[in-house]
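**Q** Questions regarding the structure given below will be posed in turn.
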Amino acid sequence: MASTSNTLSLPVVLTTKTPYPLPSQKFMIPATWRRYQLSQLVNKALSLSKPIPFDFLVRGEILRTTLGEWCTENGVGEEETLEIEYIESVLPPEKVSDFPHEDWVSSASCKVPGQFFTASYDGSIRSFDYSKNATSSTLAHSAPISSICVVSSSDDTHIIASASHDLTAQINKITLATPGSSTSSKSTPLATLHLHTAPLSSIVSNTAGTHLLTASWDGLIGFWDTTVPVKDEVPEEEVGGRGGRQKRRRVEEGPRPPRKAPIEVLKSHVGRVSGVVFAPGLEEKAYSCGFDSTVRVWDMESGVSVHTVTASNKAFLSLSALPMTPESILVTSTDRTMMLYDVRLPSPSDTNAPVSFLHPATPSCVVVSESGSQQVVSGAYDGIVRLWDLRSTKGAVASFSPWEKGVKVLCVEWGRGVVAVGGEGGFSVWKVGENVLS
């Protein structure tokens, strides 16, 4: 094939799940054609008024070479008909802005219009507007914050929940100053959440903002409502332990917020719980992952683990559920893989092996596209953020380094057309997609 590839044509059937299908037919495509020529063919056949760039998937791999070279590398004969799926191309990620921090950024949110929220190892929650102006800073915890989430947002008032290594979570009301006014932003702790006996790893809110889930290294998951109690639900402990007396006293200046108890404690993991999420659109369910090599499905009404996916010697670090297929879970692990599990199936075997996406370094975090498409973003300890299409398992669609090589990425968040990246290098925002910061 290699010696005749200049004149050879290959039989190809083009398929798609985009809104731009072609009539079913077989094309004879020159073996010298690459992605660009194939994209031109599709656009011409569809008579599109505005050209749309397409990428092409051949047996789970995005075409990067000529068709002839791909066939030679993969041992495909010239008479064999290739089924190629075309998908809309992704523009290369583009840096929007950097937001320097004095300490590592462990969690971030870009879901609030006009604002970015970050959480840092110095125990503070910060917010910035799109012009890079700092709009608030709240010392919320006496130890590193591991995770934050937006519970609700209205005008300039935002309810932010945070989880920390100080063994507590907290619900905070942050009221931002109106631009041009003489007033300053104000932060009020509404309640502290008390259950865990080891550092917390994650906190998430349901869509309605009525409930929270916390995950901890103590193997427990807390299920909470977001109502603010009028008095303590948990007895006050003697100040001390983690974080020390002096720093704890500095955090707790002013009236102390009420101490809140969970409405349910989910017990099943036998090691650290590293991540937890509500099932998209199925909030009577939740998913968790942990260092015990399991992904667990929870029935929130009963508080019982109803299904467990067990892997072989994998410490799981983070997870994200797919909005369009909420039974599909992406999980990153210390063996340098990102796995796609169908939680309706039993534990992986030769007949139902999960889809695997290999990384050259440990992937620390993953987030699914806000649009419900097949695109996801992962961040890794090699300092690289990778954009994946779940239909292409053999390599990332695009990648970028927010900071210098080797500076670890600790969190990624995707919303409003941008990917927010936090880590040892601070906080960085990148454009991914068409609509940005709308």
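Residue numbering restarts at 1 for every chain of the structure tokens, chains are lettered A, B, ... in their displayed order, and ligands are numbered from 1 as they appear.
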Run DSSP on the backbone and give me the residues of region 36-123 of chain A it puts in helix (DSSP H, G or I), as a list in words.
**A**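 DSSP on the backbone gives helix (DSSP H, G or I) at Tyr36, Gln37, Leu38, Ser39, Gln40, Leu41, Val42, Asn43, Lys44, Ala45, Leu46, Leu67, Gly68, Glu69, Trp70, Cys71, Thr72, Glu73 and Asn74 of chain A.
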**Q** What parts of region 96-333 of chain A does DSSP call strand (DSSP E)? I'd like the answer as an NGL selection string.
**A** :A and (96-99 or 105-109 or 115-120 or 124-129 or 134-139 or 145-154 or 157-164 or 168-175 or 186-194 or 200-205 or 211-216 or 220-225 or 259-260 or 264-267 or 273-278 or 285-290 or 294-299 or 304-310 or 316-321 or 328-333)
**Q** Would you export the selected residues with C-alpha atoms as a compact mmCIF listing (two decimals), in the first residue's frame, please?
**A**
```txt
# COMPACT_ATOMS: atom_id res chain seq x y z
CA VAL A 96 -7.59 34.21 29.19
CA SER A 97 -5.81 35.33 32.36
CA ASP A 98 -3.63 34.41 35.33
CA PHE A 99 -4.53 35.18 38.95
CA VAL A 105 -5.10 26.75 44.86
CA SER A 106 -6.96 23.52 45.61
CA SER A 107 -10.44 24.31 44.29
CA ALA A 108 -12.14 26.86 42.05
CA SER A 109 -15.47 27.78 40.51
CA GLN A 115 -16.85 36.18 39.20
CA PHE A 116 -14.28 33.47 39.84
CA PHE A 117 -14.05 31.87 43.29
CA THR A 118 -10.92 30.13 44.52
CA ALA A 119 -9.92 28.20 47.64
CA SER A 120 -6.36 27.99 48.84
CA SER A 124 -8.96 31.47 52.43
CA ILE A 125 -11.77 31.77 49.89
CA ARG A 126 -11.21 34.54 47.35
CA SER A 127 -13.19 36.01 44.48
CA PHE A 128 -12.10 37.95 41.40
CA ASP A 129 -14.00 39.72 38.67
CA ALA A 134 -9.92 40.95 43.83
CA THR A 135 -13.52 41.36 45.04
CA SER A 136 -13.40 39.47 48.34
CA SER A 137 -11.13 37.48 50.63
CA THR A 138 -12.39 35.31 53.48
CA LEU A 139 -10.27 33.43 56.00
CA ILE A 145 -9.18 24.20 52.10
CA SER A 146 -9.55 21.12 49.92
CA SER A 147 -12.79 21.91 48.10
CA ILE A 148 -15.46 24.57 47.57
CA CYS A 149 -18.81 24.63 45.76
CA VAL A 150 -21.39 27.28 44.94
CA VAL A 151 -24.61 26.46 46.80
CA SER A 152 -26.65 29.37 45.48
CA SER A 153 -26.09 32.75 43.87
CA SER A 154 -28.31 35.82 43.64
CA THR A 157 -24.86 37.50 47.37
CA HIS A 158 -23.33 34.05 47.04
CA ILE A 159 -23.57 31.05 49.34
CA ILE A 160 -20.29 29.11 49.18
CA ALA A 161 -19.63 25.81 50.98
CA SER A 162 -16.06 24.84 51.82
CA ALA A 163 -14.31 21.72 53.13
CA SER A 164 -10.99 21.73 54.92
CA THR A 168 -14.84 20.79 59.26
CA ALA A 169 -16.92 22.11 56.41
CA GLN A 170 -18.52 25.53 56.43
CA ILE A 171 -21.40 27.37 54.76
CA ASN A 172 -20.45 30.97 54.01
CA LYS A 173 -22.47 33.96 52.78
CA ILE A 174 -20.31 36.28 50.69
CA THR A 175 -21.84 39.62 49.74
CA LYS A 186 -18.67 41.17 53.49
CA SER A 187 -18.37 37.51 54.44
CA THR A 188 -20.49 35.79 57.07
CA PRO A 189 -20.04 32.18 58.22
CA LEU A 190 -23.58 30.77 58.47
CA ALA A 191 -22.79 27.32 59.93
CA THR A 192 -19.94 24.92 60.49
CA LEU A 193 -20.48 21.24 59.62
CA HIS A 194 -19.21 18.69 62.12
CA LEU A 200 -12.12 16.47 54.25
CA SER A 201 -11.40 15.86 50.58
CA SER A 202 -14.53 17.08 48.81
CA ILE A 203 -17.78 19.01 49.16
CA VAL A 204 -20.55 19.26 46.54
CA SER A 205 -24.02 20.77 46.32
CA HIS A 211 -28.29 19.57 50.15
CA LEU A 212 -24.55 18.95 50.42
CA LEU A 213 -22.27 15.93 50.42
CA THR A 214 -18.89 15.84 52.15
CA ALA A 215 -16.18 13.19 51.71
CA SER A 216 -13.33 12.56 54.12
CA LEU A 220 -17.27 8.57 55.83
CA ILE A 221 -19.59 10.62 53.60
CA GLY A 222 -21.79 13.24 55.21
CA PHE A 223 -25.23 14.13 53.80
CA TRP A 224 -26.42 17.58 54.88
CA ASP A 225 -29.23 20.00 54.25
CA ARG A 259 -22.44 23.87 64.67
CA LYS A 260 -24.46 21.73 62.28
CA GLU A 264 -27.29 11.04 57.25
CA VAL A 265 -23.87 9.38 57.43
CA LEU A 266 -22.97 7.10 54.52
CA LYS A 267 -20.74 4.22 55.62
CA VAL A 273 -13.01 8.75 50.37
CA SER A 274 -11.48 11.04 47.76
CA GLY A 275 -14.53 12.23 45.83
CA VAL A 276 -18.32 12.34 45.87
CA VAL A 277 -20.98 13.73 43.49
CA PHE A 278 -24.73 13.79 43.14
CA LYS A 285 -28.48 8.85 43.87
CA ALA A 286 -24.86 9.75 44.57
CA TYR A 287 -21.48 8.33 43.55
CA SER A 288 -18.24 8.17 45.47
CA CYS A 289 -14.72 6.88 44.98
CA GLY A 290 -11.86 6.16 47.34
CA THR A 294 -13.99 1.16 44.75
CA VAL A 295 -16.62 3.33 43.12
CA ARG A 296 -19.87 3.18 45.06
CA VAL A 297 -23.47 4.01 44.17
CA TRP A 298 -25.62 5.39 47.01
CA ASP A 299 -29.36 5.52 47.48
CA VAL A 304 -27.23 2.63 51.70
CA SER A 305 -24.57 1.69 49.13
CA VAL A 306 -26.60 -0.20 46.51
CA HIS A 307 -23.78 -1.08 44.12
CA THR A 308 -19.99 -1.26 44.21
CA VAL A 309 -17.53 -1.30 41.31
CA THR A 310 -14.26 -2.80 42.52
CA PHE A 316 -9.04 6.62 43.08
CA LEU A 317 -8.43 10.38 43.36
CA SER A 318 -11.42 12.16 41.80
CA LEU A 319 -14.61 11.53 39.85
CA SER A 320 -17.12 13.25 37.61
CA ALA A 321 -20.49 12.07 36.29
CA SER A 328 -21.40 6.74 33.41
CA ILE A 329 -18.64 7.84 35.78
CA LEU A 330 -15.14 9.13 35.04
CA VAL A 331 -12.59 8.35 37.73
CA THR A 332 -8.88 9.22 37.94
CA SER A 333 -6.42 7.01 39.78
```
**Q** Choose the residue, out of A:Cys365, A:Leu41, A:Leu46, A:Ala143, that has the smallest atom-to-atom separation from Pro19 (chain A); count only C-alpha atoms.
**A**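 Checking each of A:Cys365, A:Leu41, A:Leu46, A:Ala143 against Pro19 (chain A), counting only C-alpha atoms, the winner is A:Leu46.
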**Q** Could you name the residues that touch region 9-15 of chain A at 9 Å or less, counting only C-alpha atoms, but leaving out those on the same chain fewer than 3 positions away, as a PyMOL selection string?
**A** chain A and resi 5-6+21-32+42+67-68+78-86
**Q** Please dump the current selection as a short mmCIF file (atom, residue, chain, number, x, y, z; two decimals), in the first residue's frame; keep C-alpha atoms.
**A**
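Now in selection.cif:
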```cif
data_model
loop_
_atom_site.label_atom_id
_atom_site.label_comp_id
_atom_site.auth_asym_id
_atom_site.auth_seq_id
_atom_site.Cartn_x
_atom_site.Cartn_y
_atom_site.Cartn_z
CA SER A 5 -0.57 5.51 -1.78
CA ASN A 6 -0.18 8.53 -4.12
CA PRO A 21 -25.47 14.11 8.91
CA LEU A 22 -24.70 13.04 5.37
CA PRO A 23 -26.89 10.62 3.40
CA SER A 24 -25.62 7.08 3.79
CA GLN A 25 -23.22 6.38 0.94
CA LYS A 26 -19.74 5.09 0.22
CA PHE A 27 -16.99 7.49 -0.81
CA MET A 28 -13.76 6.63 -2.59
CA ILE A 29 -11.26 8.84 -0.80
CA PRO A 30 -7.68 9.40 -1.98
CA ALA A 31 -5.23 7.79 0.43
CA THR A 32 -3.26 11.06 0.55
CA VAL A 42 -18.23 17.15 4.34
CA LEU A 67 -5.65 7.93 5.40
CA GLY A 68 -3.04 5.82 3.64
CA GLU A 78 -7.01 -1.32 0.59
CA GLU A 79 -10.25 -3.21 -0.13
CA GLU A 80 -11.57 -2.87 3.43
CA THR A 81 -14.28 -0.26 3.92
CA LEU A 82 -13.46 2.21 6.69
CA GLU A 83 -16.27 3.64 8.82
CA ILE A 84 -15.17 7.11 9.90
CA GLU A 85 -17.12 9.27 12.32
CA TYR A 86 -16.81 13.04 11.98
#
```
**Q** Do you know which residues are at most 9 Å from region 353-360 of chain A counting only C-alpha atoms, after dropping those on the same chain fewer than 3 positions away, and could you put them as a PDB file with all heavy atoms, in the first residue's frame?
**A**
```pdb
ATOM      1  N   ASP A 335      -2.698   5.037  39.222  1.00  0.00           N
ATOM      2  CA  ASP A 335      -1.958   4.250  38.232  1.00  0.00           C
ATOM      3  C   ASP A 335      -1.863   4.976  36.886  1.00  0.00           C
ATOM      4  O   ASP A 335      -1.612   4.368  35.860  1.00  0.00           O
ATOM      5  CB  ASP A 335      -2.585   2.863  38.051  1.00  0.00           C
ATOM      6  CG  ASP A 335      -3.969   2.918  37.420  1.00  0.00           C
ATOM      7  OD1 ASP A 335      -4.510   4.035  37.247  1.00  0.00           O
ATOM      8  OD2 ASP A 335      -4.518   1.852  37.091  1.00  0.00           O
ATOM      9  N   ARG A 336      -2.091   6.301  36.917  1.00  0.00           N
ATOM     10  CA  ARG A 336      -1.944   7.175  35.744  1.00  0.00           C
ATOM     11  C   ARG A 336      -3.020   6.930  34.684  1.00  0.00           C
ATOM     12  O   ARG A 336      -2.776   7.132  33.492  1.00  0.00           O
ATOM     13  CB  ARG A 336      -0.551   7.046  35.124  1.00  0.00           C
ATOM     14  CG  ARG A 336       0.579   7.422  36.076  1.00  0.00           C
ATOM     15  CD  ARG A 336       1.933   7.410  35.382  1.00  0.00           C
ATOM     16  NE  ARG A 336       2.985   7.848  36.279  1.00  0.00           N
ATOM     17  CZ  ARG A 336       4.258   7.996  35.934  1.00  0.00           C
ATOM     18  NH1 ARG A 336       4.620   7.736  34.676  1.00  0.00           N
ATOM     19  NH2 ARG A 336       5.159   8.392  36.807  1.00  0.00           N
ATOM     20  N   THR A 337      -4.189   6.515  35.101  1.00  0.00           N
ATOM     21  CA  THR A 337      -5.284   6.317  34.157  1.00  0.00           C
ATOM     22  C   THR A 337      -6.494   7.142  34.579  1.00  0.00           C
ATOM     23  O   THR A 337      -6.662   7.507  35.742  1.00  0.00           O
ATOM     24  CB  THR A 337      -5.710   4.836  34.062  1.00  0.00           C
ATOM     25  OG1 THR A 337      -6.176   4.404  35.350  1.00  0.00           O
ATOM     26  CG2 THR A 337      -4.569   3.967  33.604  1.00  0.00           C
ATOM     27  N   MET A 338      -7.325   7.408  33.593  1.00  0.00           N
ATOM     28  CA  MET A 338      -8.682   7.902  33.805  1.00  0.00           C
ATOM     29  C   MET A 338      -9.608   6.835  33.225  1.00  0.00           C
ATOM     30  O   MET A 338      -9.465   6.445  32.068  1.00  0.00           O
ATOM     31  CB  MET A 338      -8.888   9.250  33.105  1.00  0.00           C
ATOM     32  CG  MET A 338     -10.290   9.820  33.236  1.00  0.00           C
ATOM     33  SD  MET A 338     -10.415  11.492  32.508  1.00  0.00           S
ATOM     34  CE  MET A 338     -10.237  11.122  30.735  1.00  0.00           C
ATOM     35  N   MET A 339     -10.524   6.338  34.046  1.00  0.00           N
ATOM     36  CA  MET A 339     -11.381   5.233  33.648  1.00  0.00           C
ATOM     37  C   MET A 339     -12.817   5.709  33.486  1.00  0.00           C
ATOM     38  O   MET A 339     -13.298   6.544  34.259  1.00  0.00           O
ATOM     39  CB  MET A 339     -11.328   4.108  34.687  1.00  0.00           C
ATOM     40  CG  MET A 339      -9.942   3.681  35.110  1.00  0.00           C
ATOM     41  SD  MET A 339      -8.963   2.972  33.766  1.00  0.00           S
ATOM     42  CE  MET A 339      -9.856   1.423  33.515  1.00  0.00           C
ATOM     43  N   LEU A 340     -13.492   5.163  32.485  1.00  0.00           N
ATOM     44  CA  LEU A 340     -14.909   5.429  32.276  1.00  0.00           C
ATOM     45  C   LEU A 340     -15.682   4.169  32.643  1.00  0.00           C
ATOM     46  O   LEU A 340     -15.600   3.155  31.958  1.00  0.00           O
ATOM     47  CB  LEU A 340     -15.178   5.819  30.818  1.00  0.00           C
ATOM     48  CG  LEU A 340     -16.637   6.076  30.432  1.00  0.00           C
ATOM     49  CD1 LEU A 340     -17.230   7.229  31.254  1.00  0.00           C
ATOM     50  CD2 LEU A 340     -16.754   6.366  28.936  1.00  0.00           C
ATOM     51  N   TYR A 341     -16.434   4.238  33.748  1.00  0.00           N
ATOM     52  CA  TYR A 341     -17.188   3.095  34.245  1.00  0.00           C
ATOM     53  C   TYR A 341     -18.677   3.281  33.990  1.00  0.00           C
ATOM     54  O   TYR A 341     -19.208   4.392  34.137  1.00  0.00           O
ATOM     55  CB  TYR A 341     -16.987   2.912  35.755  1.00  0.00           C
ATOM     56  CG  TYR A 341     -15.627   2.421  36.173  1.00  0.00           C
ATOM     57  CD1 TYR A 341     -14.697   3.294  36.723  1.00  0.00           C
ATOM     58  CD2 TYR A 341     -15.278   1.088  36.021  1.00  0.00           C
ATOM     59  CE1 TYR A 341     -13.434   2.843  37.121  1.00  0.00           C
ATOM     60  CE2 TYR A 341     -14.024   0.629  36.416  1.00  0.00           C
ATOM     61  CZ  TYR A 341     -13.116   1.510  36.959  1.00  0.00           C
ATOM     62  OH  TYR A 341     -11.878   1.058  37.351  1.00  0.00           O
ATOM     63  N   ASP A 342     -19.341   2.192  33.640  1.00  0.00           N
ATOM     64  CA  ASP A 342     -20.802   2.143  33.643  1.00  0.00           C
ATOM     65  C   ASP A 342     -21.202   1.500  34.963  1.00  0.00           C
ATOM     66  O   ASP A 342     -20.987   0.306  35.171  1.00  0.00           O
ATOM     67  CB  ASP A 342     -21.308   1.314  32.460  1.00  0.00           C
ATOM     68  CG  ASP A 342     -22.832   1.350  32.326  1.00  0.00           C
ATOM     69  OD1 ASP A 342     -23.508   1.573  33.356  1.00  0.00           O
ATOM     70  OD2 ASP A 342     -23.348   1.138  31.216  1.00  0.00           O
ATOM     71  N   SER A 347     -18.522  -5.463  38.685  1.00  0.00           N
ATOM     72  CA  SER A 347     -17.108  -5.087  38.678  1.00  0.00           C
ATOM     73  C   SER A 347     -16.445  -5.497  37.380  1.00  0.00           C
ATOM     74  O   SER A 347     -16.836  -6.485  36.739  1.00  0.00           O
ATOM     75  CB  SER A 347     -16.399  -5.729  39.875  1.00  0.00           C
ATOM     76  OG  SER A 347     -16.874  -5.177  41.087  1.00  0.00           O
ATOM     77  N   PRO A 348     -15.431  -4.730  36.936  1.00  0.00           N
ATOM     78  CA  PRO A 348     -14.810  -4.966  35.633  1.00  0.00           C
ATOM     79  C   PRO A 348     -14.299  -6.394  35.463  1.00  0.00           C
ATOM     80  O   PRO A 348     -13.793  -7.016  36.393  1.00  0.00           O
ATOM     81  CB  PRO A 348     -13.651  -3.968  35.609  1.00  0.00           C
ATOM     82  CG  PRO A 348     -14.038  -2.903  36.571  1.00  0.00           C
ATOM     83  CD  PRO A 348     -14.835  -3.588  37.635  1.00  0.00           C
ATOM     84  N   SER A 349     -14.464  -6.888  34.235  1.00  0.00           N
ATOM     85  CA  SER A 349     -13.952  -8.200  33.868  1.00  0.00           C
ATOM     86  C   SER A 349     -13.548  -8.141  32.409  1.00  0.00           C
ATOM     87  O   SER A 349     -13.623  -7.086  31.765  1.00  0.00           O
ATOM     88  CB  SER A 349     -15.023  -9.275  34.091  1.00  0.00           C
ATOM     89  OG  SER A 349     -16.120  -9.066  33.213  1.00  0.00           O
ATOM     90  N   ASP A 350     -13.130  -9.273  31.860  1.00  0.00           N
ATOM     91  CA  ASP A 350     -12.730  -9.312  30.455  1.00  0.00           C
ATOM     92  C   ASP A 350     -13.893  -8.981  29.524  1.00  0.00           C
ATOM     93  O   ASP A 350     -13.694  -8.489  28.411  1.00  0.00           O
ATOM     94  CB  ASP A 350     -12.175 -10.693  30.100  1.00  0.00           C
ATOM     95  CG  ASP A 350     -10.848 -10.969  30.794  1.00  0.00           C
ATOM     96  OD1 ASP A 350     -10.185  -9.979  31.202  1.00  0.00           O
ATOM     97  OD2 ASP A 350     -10.485 -12.152  30.945  1.00  0.00           O
ATOM     98  N   PRO A 363      -3.216  11.618  37.020  1.00  0.00           N
ATOM     99  CA  PRO A 363      -4.265  12.626  36.840  1.00  0.00           C
ATOM    100  C   PRO A 363      -4.957  12.895  38.170  1.00  0.00           C
ATOM    101  O   PRO A 363      -5.530  11.997  38.786  1.00  0.00           O
ATOM    102  CB  PRO A 363      -5.216  11.974  35.829  1.00  0.00           C
ATOM    103  CG  PRO A 363      -5.026  10.501  36.021  1.00  0.00           C
ATOM    104  CD  PRO A 363      -3.617  10.293  36.491  1.00  0.00           C
ATOM    105  N   ALA A 380      -3.221  17.007  35.696  1.00  0.00           N
ATOM    106  CA  ALA A 380      -2.305  15.972  36.174  1.00  0.00           C
ATOM    107  C   ALA A 380      -1.117  16.578  36.902  1.00  0.00           C
ATOM    108  O   ALA A 380      -0.854  17.786  36.842  1.00  0.00           O
ATOM    109  CB  ALA A 380      -1.830  15.105  35.008  1.00  0.00           C
ATOM    110  N   ASP A 382       1.914  16.268  36.209  1.00  0.00           N
ATOM    111  CA  ASP A 382       2.995  16.734  35.334  1.00  0.00           C
ATOM    112  C   ASP A 382       2.786  18.183  34.910  1.00  0.00           C
ATOM    113  O   ASP A 382       3.547  18.713  34.099  1.00  0.00           O
ATOM    114  CB  ASP A 382       3.146  15.836  34.109  1.00  0.00           C
ATOM    115  CG  ASP A 382       1.888  15.748  33.264  1.00  0.00           C
ATOM    116  OD1 ASP A 382       0.871  16.386  33.616  1.00  0.00           O
ATOM    117  OD2 ASP A 382       1.907  15.017  32.241  1.00  0.00           O
ATOM    118  N   TRP A 388     -10.067  15.880  26.350  1.00  0.00           N
ATOM    119  CA  TRP A 388     -10.342  14.575  25.767  1.00  0.00           C
ATOM    120  C   TRP A 388     -11.707  14.557  25.095  1.00  0.00           C
ATOM    121  O   TRP A 388     -12.634  15.233  25.546  1.00  0.00           O
ATOM    122  CB  TRP A 388     -10.326  13.479  26.837  1.00  0.00           C
ATOM    123  CG  TRP A 388      -9.073  13.376  27.631  1.00  0.00           C
ATOM    124  CD1 TRP A 388      -8.718  14.140  28.702  1.00  0.00           C
ATOM    125  CD2 TRP A 388      -7.997  12.468  27.424  1.00  0.00           C
ATOM    126  NE1 TRP A 388      -7.487  13.750  29.183  1.00  0.00           N
ATOM    127  CE2 TRP A 388      -7.017  12.721  28.410  1.00  0.00           C
ATOM    128  CE3 TRP A 388      -7.767  11.433  26.507  1.00  0.00           C
ATOM    129  CZ2 TRP A 388      -5.833  12.006  28.517  1.00  0.00           C
ATOM    130  CZ3 TRP A 388      -6.582  10.719  26.595  1.00  0.00           C
ATOM    131  CH2 TRP A 388      -5.629  10.999  27.575  1.00  0.00           C
ATOM    132  N   LEU A 390     -14.379  11.576  24.540  1.00  0.00           N
ATOM    133  CA  LEU A 390     -14.547  10.218  25.052  1.00  0.00           C
ATOM    134  C   LEU A 390     -14.652   9.173  23.956  1.00  0.00           C
ATOM    135  O   LEU A 390     -14.533   7.982  24.222  1.00  0.00           O
ATOM    136  CB  LEU A 390     -15.788  10.154  25.955  1.00  0.00           C
ATOM    137  CG  LEU A 390     -15.712  11.003  27.231  1.00  0.00           C
ATOM    138  CD1 LEU A 390     -16.992  10.866  28.032  1.00  0.00           C
ATOM    139  CD2 LEU A 390     -14.506  10.601  28.080  1.00  0.00           C
ATOM    140  N   SER A 392     -12.497   9.102  21.547  1.00  0.00           N
ATOM    141  CA  SER A 392     -11.127   8.891  21.103  1.00  0.00           C
ATOM    142  C   SER A 392     -10.280   8.505  22.309  1.00  0.00           C
ATOM    143  O   SER A 392      -9.893   9.362  23.111  1.00  0.00           O
ATOM    144  CB  SER A 392     -10.571  10.165  20.456  1.00  0.00           C
ATOM    145  OG  SER A 392      -9.220   9.991  20.080  1.00  0.00           O
ATOM    146  N   THR A 393      -9.996   7.221  22.430  1.00  0.00           N
ATOM    147  CA  THR A 393      -9.356   6.705  23.646  1.00  0.00           C
ATOM    148  C   THR A 393      -7.830   6.707  23.577  1.00  0.00           C
ATOM    149  O   THR A 393      -7.178   6.475  24.600  1.00  0.00           O
ATOM    150  CB  THR A 393      -9.828   5.272  23.911  1.00  0.00           C
ATOM    151  OG1 THR A 393      -9.446   4.435  22.798  1.00  0.00           O
ATOM    152  CG2 THR A 393     -11.338   5.212  24.055  1.00  0.00           C
ATOM    153  N   LYS A 394      -7.260   6.959  22.418  1.00  0.00           N
ATOM    154  CA  LYS A 394      -5.826   6.761  22.261  1.00  0.00           C
ATOM    155  C   LYS A 394      -4.986   8.014  22.470  1.00  0.00           C
ATOM    156  O   LYS A 394      -3.765   7.970  22.348  1.00  0.00           O
ATOM    157  CB  LYS A 394      -5.539   6.162  20.879  1.00  0.00           C
ATOM    158  CG  LYS A 394      -6.149   4.778  20.706  1.00  0.00           C
ATOM    159  CD  LYS A 394      -5.760   4.143  19.382  1.00  0.00           C
ATOM    160  CE  LYS A 394      -6.359   2.746  19.246  1.00  0.00           C
ATOM    161  NZ  LYS A 394      -5.998   2.095  17.953  1.00  0.00           N
ATOM    162  N   GLY A 395      -5.630   9.126  22.773  1.00  0.00           N
ATOM    163  CA  GLY A 395      -4.856  10.328  23.019  1.00  0.00           C
ATOM    164  C   GLY A 395      -5.762  11.529  23.198  1.00  0.00           C
ATOM    165  O   GLY A 395      -6.913  11.555  22.757  1.00  0.00           O
ATOM    166  N   ALA A 396      -5.234  12.555  23.871  1.00  0.00           N
ATOM    167  CA  ALA A 396      -6.004  13.770  24.117  1.00  0.00           C
ATOM    168  C   ALA A 396      -6.174  14.562  22.825  1.00  0.00           C
ATOM    169  O   ALA A 396      -5.336  14.520  21.924  1.00  0.00           O
ATOM    170  CB  ALA A 396      -5.303  14.623  25.163  1.00  0.00           C
TER     171      ALA A 396
END
```
**Q** How far is it from CA of Asp55 (chain A) to CA of Leu322 (chain A), in Å with one decimal?
**A** 22.0 Å
**Q** Figure out the distance between CA of Ser371 (chain A) and CA of Asn206 (chain A), please, to one decimal in Å.
**A** 17.7 Å
